[in-house]
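Note: the block below is structure22.pdb and it holds PDB, C-alpha atoms and all ligand atoms.
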MODEL        1
ATOM      1  CA  MET A   1     161.914 118.613 129.812
ATOM      2  CA  SER A   2     158.792 118.059 127.755
ATOM      3  CA  SER A   3     156.322 119.750 130.109
ATOM      4  CA  LEU A   4     156.149 121.852 133.263
ATOM      5  CA  THR A   5     152.915 122.132 135.235
ATOM      6  CA  PHE A   6     152.295 124.176 138.365
ATOM      7  CA  LEU A   7     149.509 122.730 140.498
ATOM      8  CA  ARG A   8     147.250 124.725 142.797
ATOM      9  CA  GLY A   9     149.050 125.338 146.109
ATOM     10  CA  VAL A  10     152.558 125.666 144.644
ATOM     11  CA  THR A  11     154.836 127.237 147.277
ATOM     12  CA  VAL A  12     157.632 129.803 147.156
ATOM     13  CA  TRP A  13     160.059 127.101 148.243
ATOM     14  CA  GLU A  14     159.097 124.849 145.301
ATOM     15  CA  ILE A  15     159.487 127.626 142.735
ATOM     16  CA  GLU A  16     162.770 128.724 144.297
ATOM     17  CA  ALA A  17     164.139 125.154 144.192
ATOM     18  CA  LEU A  18     163.010 124.766 140.560
ATOM     19  CA  VAL A  19     164.616 128.032 139.425
ATOM     20  CA  GLN A  20     167.889 127.019 141.122
ATOM     21  CA  PHE A  21     167.764 123.573 139.514
ATOM     22  CA  LEU A  22     167.108 125.001 136.037
ATOM     23  CA  HIS A  23     170.247 127.118 136.243
ATOM     24  CA  GLN A  24     172.359 123.957 136.481
ATOM     25  CA  PRO A  25     170.338 120.844 135.701
ATOM     26  CA  GLU A  26     172.601 117.909 136.605
ATOM     27  CA  GLU A  27     170.078 115.095 136.485
ATOM     28  CA  ASP A  28     166.745 114.218 134.931
ATOM     29  CA  ALA A  29     164.329 116.989 135.965
ATOM     30  CA  ALA A  30     161.356 114.685 136.573
ATOM     31  CA  SER A  31     163.255 112.374 138.960
ATOM     32  CA  TRP A  32     164.891 115.368 140.647
ATOM     33  CA  ALA A  33     161.444 116.908 141.372
ATOM     34  CA  THR A  34     160.145 113.599 142.788
ATOM     35  CA  ASN A  35     163.218 113.035 144.984
ATOM     36  CA  LYS A  36     163.137 116.632 146.194
ATOM     37  CA  GLY A  37     159.448 116.346 147.152
ATOM     38  CA  LEU A  38     158.071 119.035 144.807
ATOM     39  CA  VAL A  39     154.468 117.882 144.978
ATOM     40  CA  HIS A  40     152.982 120.938 143.229
ATOM     41  CA  VAL A  41     155.385 120.967 140.275
ATOM     42  CA  LYS A  42     155.012 118.251 137.634
ATOM     43  CA  ILE A  43     157.868 117.854 135.161
ATOM     44  CA  GLY A  44     157.979 115.778 131.978
ATOM     45  CA  HIS A  45     161.127 114.094 130.617
ATOM     46  CA  LEU A  46     164.356 116.047 130.214
ATOM     47  CA  VAL A  47     165.399 116.652 126.628
ATOM     48  CA  ARG A  48     167.613 119.738 127.260
ATOM     49  CA  THR A  49     166.966 123.169 125.891
ATOM     50  CA  GLY A  50     166.412 124.481 122.403
ATOM     51  CA  LYS A  51     163.785 126.802 121.005
ATOM     52  CA  GLU A  52     160.882 124.430 121.729
ATOM     53  CA  GLU A  53     162.108 123.648 125.222
ATOM     54  CA  ARG A  54     162.459 127.357 126.003
ATOM     55  CA  GLU A  55     158.919 127.934 124.851
ATOM     56  CA  LEU A  56     157.587 125.040 126.962
ATOM     57  CA  LEU A  57     159.352 126.368 130.034
ATOM     58  CA  ALA A  58     158.043 129.892 129.428
ATOM     59  CA  ARG A  59     154.509 128.592 128.838
ATOM     60  CA  GLY A  60     154.682 126.688 132.143
ATOM     61  CA  ALA A  61     155.736 129.856 133.963
ATOM     62  CA  TYR A  62     152.979 131.745 132.072
ATOM     63  CA  ARG A  63     150.322 129.327 133.361
ATOM     64  CA  GLY A  64     151.797 129.505 136.872
ATOM     65  CA  SER A  65     151.587 133.308 136.743
ATOM     66  CA  VAL A  66     147.930 133.194 135.694
ATOM     67  CA  GLN A  67     147.195 130.879 138.621
ATOM     68  CA  ILE A  68     148.929 133.116 141.153
ATOM     69  CA  LEU A  69     147.176 136.216 139.768
ATOM     70  CA  ARG A  70     143.865 134.357 140.130
ATOM     71  CA  GLU A  71     144.656 133.668 143.796
ATOM     72  CA  ILE A  72     145.826 137.246 144.428
ATOM     73  CA  GLU A  73     142.552 138.511 142.963
ATOM     74  CA  MET A  74     140.449 136.179 145.134
ATOM     75  CA  ALA A  75     142.397 137.118 148.273
ATOM     76  CA  ILE A  76     142.005 140.855 147.647
ATOM     77  CA  ARG A  77     138.284 140.466 146.935
ATOM     78  CA  GLU A  78     137.727 138.385 150.090
ATOM     79  CA  ARG A  79     140.120 139.916 152.593
ATOM     80  CA  LYS A  80     141.004 143.232 150.929
ATOM     81  CA  THR A  81     144.703 142.511 151.525
ATOM     82  CA  LEU A  82     147.662 141.907 149.254
ATOM     83  CA  ASP A  83     149.636 138.754 150.122
ATOM     84  CA  VAL A  84     153.300 139.751 149.782
ATOM     85  CA  GLU A  85     154.405 136.097 149.565
ATOM     86  CA  ARG A  86     152.327 135.661 146.417
ATOM     87  CA  ILE A  87     154.098 138.673 144.899
ATOM     88  CA  TRP A  88     157.409 136.901 145.521
ATOM     89  CA  GLU A  89     156.073 133.854 143.681
ATOM     90  CA  LEU A  90     155.085 136.094 140.783
ATOM     91  CA  ARG A  91     158.600 137.530 140.816
ATOM     92  CA  PHE A  92     160.116 134.046 140.424
ATOM     93  CA  LEU A  93     157.762 133.105 137.607
ATOM     94  CA  THR A  94     158.134 136.360 135.661
ATOM     95  CA  ASN A  95     161.890 135.958 136.034
ATOM     96  CA  ALA A  96     161.616 132.446 134.552
ATOM     97  CA  ILE A  97     159.740 133.956 131.554
ATOM     98  CA  LEU A  98     162.291 136.780 131.341
ATOM     99  CA  GLN A  99     165.227 134.333 131.129
ATOM    100  CA  GLN A 100     163.634 132.617 128.137
ATOM    101  CA  ILE A 101     162.824 135.904 126.337
ATOM    102  CA  ILE A 102     166.423 137.103 126.789
ATOM    103  CA  GLU A 103     167.492 133.963 124.877
ATOM    104  CA  ASP A 104     164.758 134.326 122.247
ATOM    105  CA  PRO A 105     163.236 137.871 122.058
ATOM    106  CA  ASN A 106     160.588 136.787 119.502
ATOM    107  CA  LEU A 107     159.149 134.492 122.175
ATOM    108  CA  ALA A 108     157.465 137.529 123.790
ATOM    109  CA  LEU A 109     154.966 137.953 120.960
ATOM    110  CA  ARG A 110     154.411 134.211 120.590
ATOM    111  CA  LEU A 111     153.547 133.974 124.294
ATOM    112  CA  ALA A 112     151.299 137.036 124.079
ATOM    113  CA  SER A 113     149.153 135.237 121.530
ATOM    114  CA  ILE A 114     147.872 133.029 124.383
ATOM    115  CA  LYS A 115     144.392 134.400 125.009
ATOM    116  CA  SER A 116     141.534 133.363 127.235
ATOM    117  CA  TYR A 117     137.983 134.250 126.432
ATOM    118  CA  ASP A 118     136.768 133.569 129.994
ATOM    119  CA  GLU A 119     139.689 134.909 131.998
ATOM    120  CA  HIS A 120     140.873 137.619 129.650
ATOM    121  CA  THR A 121     141.816 140.027 132.472
ATOM    122  CA  LEU A 122     144.285 137.546 133.995
ATOM    123  CA  HIS A 123     145.788 136.615 130.625
ATOM    124  CA  HIS A 124     145.918 140.295 129.694
ATOM    125  CA  SER A 125     148.115 140.985 132.753
ATOM    126  CA  VAL A 126     150.576 138.217 131.839
ATOM    127  CA  ASN A 127     150.564 139.236 128.158
ATOM    128  CA  VAL A 128     151.351 142.841 129.053
ATOM    129  CA  CYS A 129     154.180 141.482 131.200
ATOM    130  CA  VAL A 130     155.726 139.379 128.397
ATOM    131  CA  LEU A 131     155.324 142.155 125.800
ATOM    132  CA  SER A 132     156.908 144.694 128.155
ATOM    133  CA  ILE A 133     159.810 142.296 128.741
ATOM    134  CA  GLY A 134     160.132 141.968 124.943
ATOM    135  CA  LEU A 135     160.335 145.741 124.568
ATOM    136  CA  GLY A 136     162.722 146.040 127.513
ATOM    137  CA  VAL A 137     165.039 143.349 126.099
ATOM    138  CA  SER A 138     165.055 145.124 122.710
ATOM    139  CA  LEU A 139     165.999 148.347 124.518
ATOM    140  CA  ASN A 140     168.948 146.491 126.092
ATOM    141  CA  LEU A 141     167.795 147.246 129.623
ATOM    142  CA  PRO A 142     169.947 145.551 132.262
ATOM    143  CA  GLU A 143     168.512 142.358 133.722
ATOM    144  CA  SER A 144     167.964 143.897 137.157
ATOM    145  CA  LEU A 145     165.667 146.529 135.594
ATOM    146  CA  LEU A 146     163.940 143.934 133.392
ATOM    147  CA  ARG A 147     163.002 141.982 136.523
ATOM    148  CA  GLU A 148     161.416 145.110 138.048
ATOM    149  CA  LEU A 149     159.665 145.934 134.753
ATOM    150  CA  ALA A 150     158.186 142.405 134.606
ATOM    151  CA  VAL A 151     156.681 142.608 138.095
ATOM    152  CA  ALA A 152     155.336 146.123 137.578
ATOM    153  CA  ALA A 153     153.784 145.084 134.250
ATOM    154  CA  ILE A 154     152.050 141.977 135.540
ATOM    155  CA  LEU A 155     150.451 144.048 138.330
ATOM    156  CA  HIS A 156     149.522 147.081 136.197
ATOM    157  CA  ASP A 157     145.757 146.374 136.243
ATOM    158  CA  VAL A 158     145.513 145.035 139.808
ATOM    159  CA  GLY A 159     143.189 147.961 140.650
ATOM    160  CA  LYS A 160     140.452 146.272 138.597
ATOM    161  CA  VAL A 161     139.885 143.823 141.471
ATOM    162  CA  ALA A 162     138.519 146.788 143.438
ATOM    163  CA  LEU A 163     135.826 147.417 140.792
ATOM    164  CA  PRO A 164     132.324 145.873 140.835
ATOM    165  CA  LEU A 165     132.194 142.496 139.062
ATOM    166  CA  HIS A 166     129.107 143.462 137.029
ATOM    167  CA  ILE A 167     131.217 146.131 135.288
ATOM    168  CA  LEU A 168     134.327 143.966 134.851
ATOM    169  CA  GLN A 169     132.356 141.015 133.501
ATOM    170  CA  LYS A 170     129.832 142.945 131.432
ATOM    171  CA  SER A 171     129.268 141.154 128.130
ATOM    172  CA  GLY A 172     128.796 144.383 126.187
ATOM    173  CA  PRO A 173     130.461 147.786 125.792
ATOM    174  CA  LEU A 174     130.490 149.968 128.923
ATOM    175  CA  ASN A 175     128.229 153.033 129.116
ATOM    176  CA  GLU A 176     129.526 156.426 130.233
ATOM    177  CA  SER A 177     128.836 155.969 133.958
ATOM    178  CA  GLU A 178     130.451 152.506 133.889
ATOM    179  CA  TRP A 179     133.490 154.006 132.139
ATOM    180  CA  ARG A 180     133.745 156.574 134.933
ATOM    181  CA  VAL A 181     134.044 153.674 137.400
ATOM    182  CA  MET A 182     136.483 151.784 135.136
ATOM    183  CA  ARG A 183     138.754 154.842 134.910
ATOM    184  CA  GLN A 184     139.284 154.603 138.675
ATOM    185  CA  HIS A 185     141.337 151.389 138.387
ATOM    186  CA  PRO A 186     144.778 153.092 138.065
ATOM    187  CA  VAL A 187     144.292 155.000 141.330
ATOM    188  CA  LYS A 188     142.775 151.980 143.090
ATOM    189  CA  GLY A 189     145.689 149.843 141.869
ATOM    190  CA  ALA A 190     148.229 152.364 143.142
ATOM    191  CA  ASP A 191     146.454 152.340 146.499
ATOM    192  CA  ILE A 192     146.608 148.512 146.729
ATOM    193  CA  LEU A 193     150.279 148.448 145.667
ATOM    194  CA  SER A 194     151.277 151.266 148.011
ATOM    195  CA  ARG A 195     151.096 148.633 150.778
ATOM    196  CA  LEU A 196     153.565 146.373 148.955
ATOM    197  CA  SER A 197     156.933 147.831 149.852
ATOM    198  CA  ARG A 198     158.440 151.123 150.901
ATOM    199  CA  THR A 199     161.553 150.421 148.863
ATOM    200  CA  ASN A 200     160.033 149.386 145.534
ATOM    201  CA  ARG A 201     157.499 151.952 144.388
ATOM    202  CA  LEU A 202     157.625 150.999 140.686
ATOM    203  CA  PRO A 203     154.538 148.727 140.629
ATOM    204  CA  MET A 204     152.564 151.501 142.340
ATOM    205  CA  ILE A 205     153.829 154.188 139.929
ATOM    206  CA  VAL A 206     153.111 152.058 136.854
ATOM    207  CA  ALA A 207     149.625 151.136 138.082
ATOM    208  CA  ALA A 208     148.873 154.836 138.535
ATOM    209  CA  GLU A 209     150.358 155.993 135.210
ATOM    210  CA  HIS A 210     149.689 153.289 132.594
ATOM    211  CA  HIS A 211     146.684 155.129 131.074
ATOM    212  CA  ILE A 212     148.408 158.515 130.966
ATOM    213  CA  ARG A 213     149.290 159.463 127.399
ATOM    214  CA  TYR A 214     152.680 160.669 126.175
ATOM    215  CA  ASP A 215     151.146 164.131 125.638
ATOM    216  CA  GLY A 216     149.826 164.190 129.223
ATOM    217  CA  GLY A 217     146.208 163.333 128.384
ATOM    218  CA  GLY A 218     144.410 160.165 129.423
ATOM    219  CA  TYR A 219     143.623 159.330 133.034
ATOM    220  CA  PRO A 220     143.967 160.022 135.905
ATOM    221  CA  PRO A 221     144.354 163.763 135.141
ATOM    222  CA  THR A 222     147.906 165.118 135.498
ATOM    223  CA  GLY A 223     149.518 168.492 136.033
ATOM    224  CA  GLU A 224     151.088 170.600 133.273
ATOM    225  CA  GLY A 225     154.255 169.043 131.749
ATOM    226  CA  TRP A 226     153.753 165.640 133.377
ATOM    227  CA  GLN A 227     156.087 162.941 132.127
ATOM    228  CA  SER A 228     155.344 159.358 133.061
ATOM    229  CA  HIS A 229     158.030 156.933 134.221
ATOM    230  CA  PRO A 230     159.688 155.143 131.245
ATOM    231  CA  PHE A 231     158.313 151.805 132.527
ATOM    232  CA  SER A 232     154.766 153.231 132.425
ATOM    233  CA  GLN A 233     155.356 154.265 128.800
ATOM    234  CA  ILE A 234     156.659 150.804 127.829
ATOM    235  CA  ILE A 235     153.711 149.142 129.553
ATOM    236  CA  ALA A 236     151.239 151.540 127.876
ATOM    237  CA  ILE A 237     152.287 150.192 124.445
ATOM    238  CA  ALA A 238     152.152 146.552 125.584
ATOM    239  CA  ASP A 239     148.749 147.311 127.132
ATOM    240  CA  VAL A 240     147.178 148.769 124.002
ATOM    241  CA  TYR A 241     148.620 146.013 121.781
ATOM    242  CA  ASP A 242     147.168 143.235 123.933
ATOM    243  CA  SER A 243     143.841 145.011 124.495
ATOM    244  CA  MET A 244     143.305 145.670 120.789
ATOM    245  CA  THR A 245     144.292 142.153 119.639
ATOM    246  CA  THR A 246     142.077 140.416 122.232
ATOM    247  CA  ARG A 247     138.623 139.200 121.285
ATOM    248  CA  LEU A 248     135.998 139.980 123.919
ATOM    249  CA  PRO A 249     132.326 138.973 124.158
ATOM    250  CA  TYR A 250     131.360 142.212 122.409
ATOM    251  CA  LYS A 251     134.286 142.856 120.047
ATOM    252  CA  GLN A 252     136.568 141.081 117.607
ATOM    253  CA  GLY A 253     140.329 141.117 118.030
ATOM    254  CA  VAL A 254     142.002 143.741 115.813
ATOM    255  CA  PRO A 255     144.625 142.404 113.321
ATOM    256  CA  THR A 256     148.259 143.256 114.146
ATOM    257  CA  GLY A 257     148.573 145.500 111.070
ATOM    258  CA  ASP A 258     145.695 147.685 112.278
ATOM    259  CA  VAL A 259     147.237 147.963 115.764
ATOM    260  CA  LEU A 260     150.454 149.084 114.106
ATOM    261  CA  THR A 261     148.563 151.732 112.130
ATOM    262  CA  HIS A 262     147.019 152.986 115.384
ATOM    263  CA  LEU A 263     150.407 153.096 117.132
ATOM    264  CA  ARG A 264     151.940 155.024 114.202
ATOM    265  CA  GLU A 265     149.057 157.529 114.258
ATOM    266  CA  GLU A 266     149.581 158.028 117.994
ATOM    267  CA  LYS A 267     153.380 158.458 117.792
ATOM    268  CA  GLY A 268     154.339 161.454 119.917
ATOM    269  CA  LYS A 269     150.688 161.879 120.973
ATOM    270  CA  GLY A 270     149.509 158.794 122.854
ATOM    271  CA  PHE A 271     152.890 157.024 122.926
ATOM    272  CA  ASP A 272     156.625 157.698 123.053
ATOM    273  CA  PRO A 273     157.731 157.741 119.359
ATOM    274  CA  ASP A 274     160.990 155.836 119.998
ATOM    275  CA  LEU A 275     159.146 153.077 121.827
ATOM    276  CA  VAL A 276     156.636 152.786 118.968
ATOM    277  CA  ASP A 277     159.546 152.417 116.498
ATOM    278  CA  MET A 278     161.112 149.720 118.662
ATOM    279  CA  PHE A 279     157.819 147.848 119.005
ATOM    280  CA  GLU A 280     157.393 147.993 115.241
ATOM    281  CA  LEU A 281     160.818 146.339 114.816
ATOM    282  CA  ILE A 282     159.739 143.554 117.190
ATOM    283  CA  LEU A 283     156.565 142.965 115.167
ATOM    284  CA  PHE A 284     158.562 142.828 111.921
ATOM    285  CA  ALA A 285     161.101 140.398 113.418
ATOM    286  CA  VAL A 286     158.325 138.039 114.474
ATOM    287  CA  GLU A 287     156.621 138.297 111.083
ATOM    288  CA  LYS A 288     159.939 137.530 109.358
ATOM    289  CA  GLU A 289     160.458 134.496 111.596
ATOM    290  CA  ARG A 290     156.908 133.311 110.862
ATOM    291  CA  CYS A 291     157.402 133.639 107.083
ATOM    292  CA  SER A 292     160.761 131.877 107.100
ATOM    293  CA  SER A 293     159.419 128.931 109.092
ATOM    294  CA  ALA A 294     156.225 128.625 106.985
TER
HETATM  295 FE    FE B 301     144.504 149.491 132.785
HETATM  296 FE    FE B 302     145.740 146.756 130.999
ENDMDL
END

Here is a file; write its structure as structure tokens.
Ligand SMILES: [Fe+2]
Ligand SMILES: [Fe+2]
Amino acid sequence: MSSLTFLRGVTVWEIEALVQFLHQPEEDAASWATNKGLVHVKIGHLVRTGKEERELLARGAYRGSVQILREIEMAIRERKTLDVERIWELRFLTNAILQQIIEDPNLALRLASIKSYDEHTLHHSVNVCVLSIGLGVSLNLPESLLRELAVAAILHDVGKVALPLHILQKSGPLNESEWRVMRQHPVKGADILSRLSRTNRLPMIVAAEHHIRYDGGGYPPTGEGWQSHPFSQIIAIADVYDSMTTRLPYKQGVPTGDVLTHLREEKGKGFDPDLVDMFELILFAVEKERCSSA
């Protein structure tokens, strides 16, 4: 297919039907979607997969994820509740991205270069998700764990919706008292996600731990000898990479080489040294691909 667009109001049923169809496409995708009555999913002409097609599919799922995150944020701000159905939709979309990254691991960094100046928090969440998937795929994690990692990563900053908008949208650096409020988002996120499911606590754990350093520093404060969940440590690297490379109203994006220098300096201090090494390999692989296609 040449394009995939999710329109506002897309339902779980539509995403479910699409994912099933994409596993075994037996007819032209655009006519299939029309015949099936998928009114919120617009599909271009079928050309069959390849690197470009994979990227288009992943970018469609990326945009769909941003839209669902936007709606989750609005719903929490208005009604203070977390719509579990929307989380299922996110699960389908992150799985669609995951399937493409398994086929082409370098796609993770290419997708993470999608930035939004106006909605950087939403794009940040999806970028942290795709980068975490990239790291997880490189670590050869089984697909069942990669699916859980993707959902936990995309929700890691959900606690920010509980913070005052004037702090979140401030067009300059935060002062000390504003930082004190900002540092509450892991605990607020864990509180929101604690209502999600009794059986899957990973999103809650990751939301709580993603700013805790490898050496136990960071926030929220931890007890002696604390070790964060491996998913939290993967997401912490994806988080710092995306945050540093993103341009904000009051700061330029940091070049990849400088982020790498920072990660190397923080090996065994801020971040798990093995995960930093693996992330470095991913960056090199993408750079090599870029040079060979230039
Ligand atoms: Fe965060
Ligand atoms: Fe973050």

Chain and number of each residue from the PyMOL selection byres (((chain A and resi 105) around 9) and not hetatm), as a list in words: Gln100, Ile101, Ile102, Glu103, Asp104, Asn106, Leu107, Ala108, Leu109, Ile133, Gly134, Leu135, Val137, Ser138 and Ile282 of chain A

File of the preceding selection, C-alpha atoms, as a compact mmCIF listing (two decimals), in the frame of the given file:
# COMPACT_ATOMS: atom_id res chain seq x y z
CA GLN A 100 163.63 132.62 128.14
CA ILE A 101 162.82 135.90 126.34
CA ILE A 102 166.42 137.10 126.79
CA GLU A 103 167.49 133.96 124.88
CA ASP A 104 164.76 134.33 122.25
CA ASN A 106 160.59 136.79 119.50
CA LEU A 107 159.15 134.49 122.18
CA ALA A 108 157.46 137.53 123.79
CA LEU A 109 154.97 137.95 120.96
CA ILE A 133 159.81 142.30 128.74
CA GLY A 134 160.13 141.97 124.94
CA LEU A 135 160.34 145.74 124.57
CA VAL A 137 165.04 143.35 126.10
CA SER A 138 165.06 145.12 122.71
CA ILE A 282 159.74 143.55 117.19

Grab me every residue within 8 Å of ligand FE 301 (chain B), counting all atoms listed in the file, and send it over as a PyMOL selection string. chain A and resi 156-157+160+185-186+207+210-211+239

If the limit is 9 Å from any atom of ligand FE 302 (chain B), counting all atoms listed in the file, which residues qualify? Return them as number ranges by chain. A: 121, 124-125, 128, 153, 156-158, 210-211, 235-236, 238-240, 242-243

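Between atom CA of Phe21 of chain A and atom CA of Arg110 of chain A the separation is 25.5 Å.
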
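Note that atom CA of Leu122 of chain A and atom CA of Glu178 of chain A are 20.4 Å apart.
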
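This file, filtered with the PyMOL selection byres (((chain A and resi 143-145) around 10) and not hetatm), gives the residues Asn95, Leu98, Gln99, Ile102, Ile133, Gly136, Val137, Asn140, Leu141, Pro142, Leu146, Arg147, Glu148, Leu149, Ala150 and Phe231 of chain A.
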
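Minimum atom-to-atom distances from A:Tyr219, A:Lys267, A:Val41, A:Ala58 to Arg183 of chain A were compared using only C-alpha atoms, and the lowest value belongs to A:Tyr219.
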
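Take atom CA of Gly218 of chain A and atom CA of Asp272 of chain A: the distance between them is 14.0 Å.
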
Residue contacts of Gly216 of chain A (12 Å, all atoms listed in the file) excluding same-chain residues fewer than 4 positions away, as an MDAnalysis selection string: chainID A and resid 209:212 220:228 233 268:272

On this structure, the PyMOL selection byres (((chain A and resi 61) around 12) and not hetatm) would catch which residues? List them as a PyMOL selection string, sorted by chain and number. chain A and resi 3-7+10+15+18-19+41+54-60+62-68+89-100+111+126+130

Nearest-residue call for Gly172 of chain A, choices A:Tyr250, A:Met74, A:His23, A:Leu283, using only C-alpha atoms: A:Tyr250

Have a look at A:Asp274, A:His229, A:Arg77, A:Glu119 and name the one nearest to Arg201 of chain A; count all atoms listed in the file. A:His229

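Taking only C-alpha atoms into account, Leu248 of chain A lies nearest to A:Leu168 out of the set A:Leu168, A:Val151, A:Leu193, A:Leu139.
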
Give me the residues within 10 Å of Lys36 of chain A as a compact mmCIF listing (two decimals) with C-alpha atoms, in the coordinates of the input, counting only C-alpha atoms and dropping any in the same chain fewer than 6 places off.
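The new file result28.txt reads:
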# COMPACT_ATOMS: atom_id res chain seq x y z
CA GLU A 14 159.10 124.85 145.30
CA ALA A 17 164.14 125.15 144.19
CA LEU A 18 163.01 124.77 140.56
CA ALA A 30 161.36 114.68 136.57

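The closest residue to Tyr214 of chain A, picked from A:Pro173, A:Gly257, A:Pro273, A:Pro164 and counting all atoms listed in the file, is A:Pro273.
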
Point (146.9, 150.3, 115.2), cut-off 12 Å, counting all atoms listed in the file, residues as an NGL selection string: :A and (237 or 240-245 or 253-267 or 270-271 or 276 or 279-280)

Resulting file, chosen residues, C-alpha atoms, as a short mmCIF file (atom, residue, chain, number, x, y, z; two decimals), in the coordinates of the input:
data_model
loop_
_atom_site.label_atom_id
_atom_site.label_comp_id
_atom_site.auth_asym_id
_atom_site.auth_seq_id
_atom_site.Cartn_x
_atom_site.Cartn_y
_atom_site.Cartn_z
CA ILE A 237 152.29 150.19 124.44
CA VAL A 240 147.18 148.77 124.00
CA TYR A 241 148.62 146.01 121.78
CA ASP A 242 147.17 143.24 123.93
CA SER A 243 143.84 145.01 124.50
CA MET A 244 143.30 145.67 120.79
CA THR A 245 144.29 142.15 119.64
CA GLY A 253 140.33 141.12 118.03
CA VAL A 254 142.00 143.74 115.81
CA PRO A 255 144.62 142.40 113.32
CA THR A 256 148.26 143.26 114.15
CA GLY A 257 148.57 145.50 111.07
CA ASP A 258 145.70 147.68 112.28
CA VAL A 259 147.24 147.96 115.76
CA LEU A 260 150.45 149.08 114.11
CA THR A 261 148.56 151.73 112.13
CA HIS A 262 147.02 152.99 115.38
CA LEU A 263 150.41 153.10 117.13
CA ARG A 264 151.94 155.02 114.20
CA GLU A 265 149.06 157.53 114.26
CA GLU A 266 149.58 158.03 117.99
CA LYS A 267 153.38 158.46 117.79
CA GLY A 270 149.51 158.79 122.85
CA PHE A 271 152.89 157.02 122.93
CA VAL A 276 156.64 152.79 118.97
CA PHE A 279 157.82 147.85 119.00
CA GLU A 280 157.39 147.99 115.24
#

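If you measure from each of A:Met182, A:Leu275, A:Ile192, A:Ala152 to Leu165 of chain A using all atoms listed in the file, the closest one turns out to be A:Met182.
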
Rebuild segment 112-127 of chain A so that it carries N, CA and C atoms, then output the result as a PDB file, in the frame of the given file.
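Full text of result_1.pdb as output:
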ATOM      1  N   ALA A 112     152.430 136.095 123.937  1.00  0.00           N
ATOM      2  CA  ALA A 112     151.299 137.036 124.079  1.00  0.00           C
ATOM      3  C   ALA A 112     150.125 136.664 123.191  1.00  0.00           C
ATOM      4  N   SER A 113     150.313 135.657 122.339  1.00  0.00           N
ATOM      5  CA  SER A 113     149.153 135.237 121.530  1.00  0.00           C
ATOM      6  C   SER A 113     148.288 134.256 122.315  1.00  0.00           C
ATOM      7  N   ILE A 114     148.722 133.877 123.529  1.00  0.00           N
ATOM      8  CA  ILE A 114     147.872 133.029 124.383  1.00  0.00           C
ATOM      9  C   ILE A 114     146.747 133.924 124.908  1.00  0.00           C
ATOM     10  N   LYS A 115     145.530 133.572 124.562  1.00  0.00           N
ATOM     11  CA  LYS A 115     144.392 134.400 125.009  1.00  0.00           C
ATOM     12  C   LYS A 115     143.394 133.508 125.735  1.00  0.00           C
ATOM     13  N   SER A 116     142.617 134.103 126.598  1.00  0.00           N
ATOM     14  CA  SER A 116     141.534 133.363 127.235  1.00  0.00           C
ATOM     15  C   SER A 116     140.261 134.187 127.131  1.00  0.00           C
ATOM     16  N   TYR A 117     139.252 133.555 126.589  1.00  0.00           N
ATOM     17  CA  TYR A 117     137.983 134.250 126.432  1.00  0.00           C
ATOM     18  C   TYR A 117     137.331 134.494 127.806  1.00  0.00           C
ATOM     19  N   ASP A 118     137.454 133.483 128.697  1.00  0.00           N
ATOM     20  CA  ASP A 118     136.768 133.569 129.994  1.00  0.00           C
ATOM     21  C   ASP A 118     137.561 134.366 131.032  1.00  0.00           C
ATOM     22  N   GLU A 119     138.873 134.226 130.974  1.00  0.00           N
ATOM     23  CA  GLU A 119     139.689 134.909 131.998  1.00  0.00           C
ATOM     24  C   GLU A 119     140.602 135.912 131.311  1.00  0.00           C
ATOM     25  N   HIS A 120     140.019 136.754 130.463  1.00  0.00           N
ATOM     26  CA  HIS A 120     140.873 137.619 129.650  1.00  0.00           C
ATOM     27  C   HIS A 120     141.637 138.635 130.492  1.00  0.00           C
ATOM     28  N   THR A 121     141.096 139.038 131.649  1.00  0.00           N
ATOM     29  CA  THR A 121     141.816 140.027 132.472  1.00  0.00           C
ATOM     30  C   THR A 121     143.122 139.439 133.018  1.00  0.00           C
ATOM     31  N   LEU A 122     143.071 138.168 133.465  1.00  0.00           N
ATOM     32  CA  LEU A 122     144.285 137.546 133.995  1.00  0.00           C
ATOM     33  C   LEU A 122     145.313 137.348 132.888  1.00  0.00           C
ATOM     34  N   HIS A 123     144.859 136.832 131.741  1.00  0.00           N
ATOM     35  CA  HIS A 123     145.788 136.615 130.625  1.00  0.00           C
ATOM     36  C   HIS A 123     146.325 137.950 130.102  1.00  0.00           C
ATOM     37  N   HIS A 124     145.472 138.969 130.130  1.00  0.00           N
ATOM     38  CA  HIS A 124     145.918 140.295 129.694  1.00  0.00           C
ATOM     39  C   HIS A 124     147.116 140.744 130.548  1.00  0.00           C
ATOM     40  N   SER A 125     147.029 140.544 131.861  1.00  0.00           N
ATOM     41  CA  SER A 125     148.115 140.985 132.753  1.00  0.00           C
ATOM     42  C   SER A 125     149.422 140.273 132.413  1.00  0.00           C
ATOM     43  N   VAL A 126     149.343 138.957 132.156  1.00  0.00           N
ATOM     44  CA  VAL A 126     150.576 138.217 131.839  1.00  0.00           C
ATOM     45  C   VAL A 126     151.072 138.621 130.443  1.00  0.00           C
ATOM     46  N   ASN A 127     150.147 138.829 129.508  1.00  0.00           N
ATOM     47  CA  ASN A 127     150.564 139.236 128.158  1.00  0.00           C
ATOM     48  C   ASN A 127     151.257 140.599 128.174  1.00  0.00           C
TER      49      ASN A 127
END
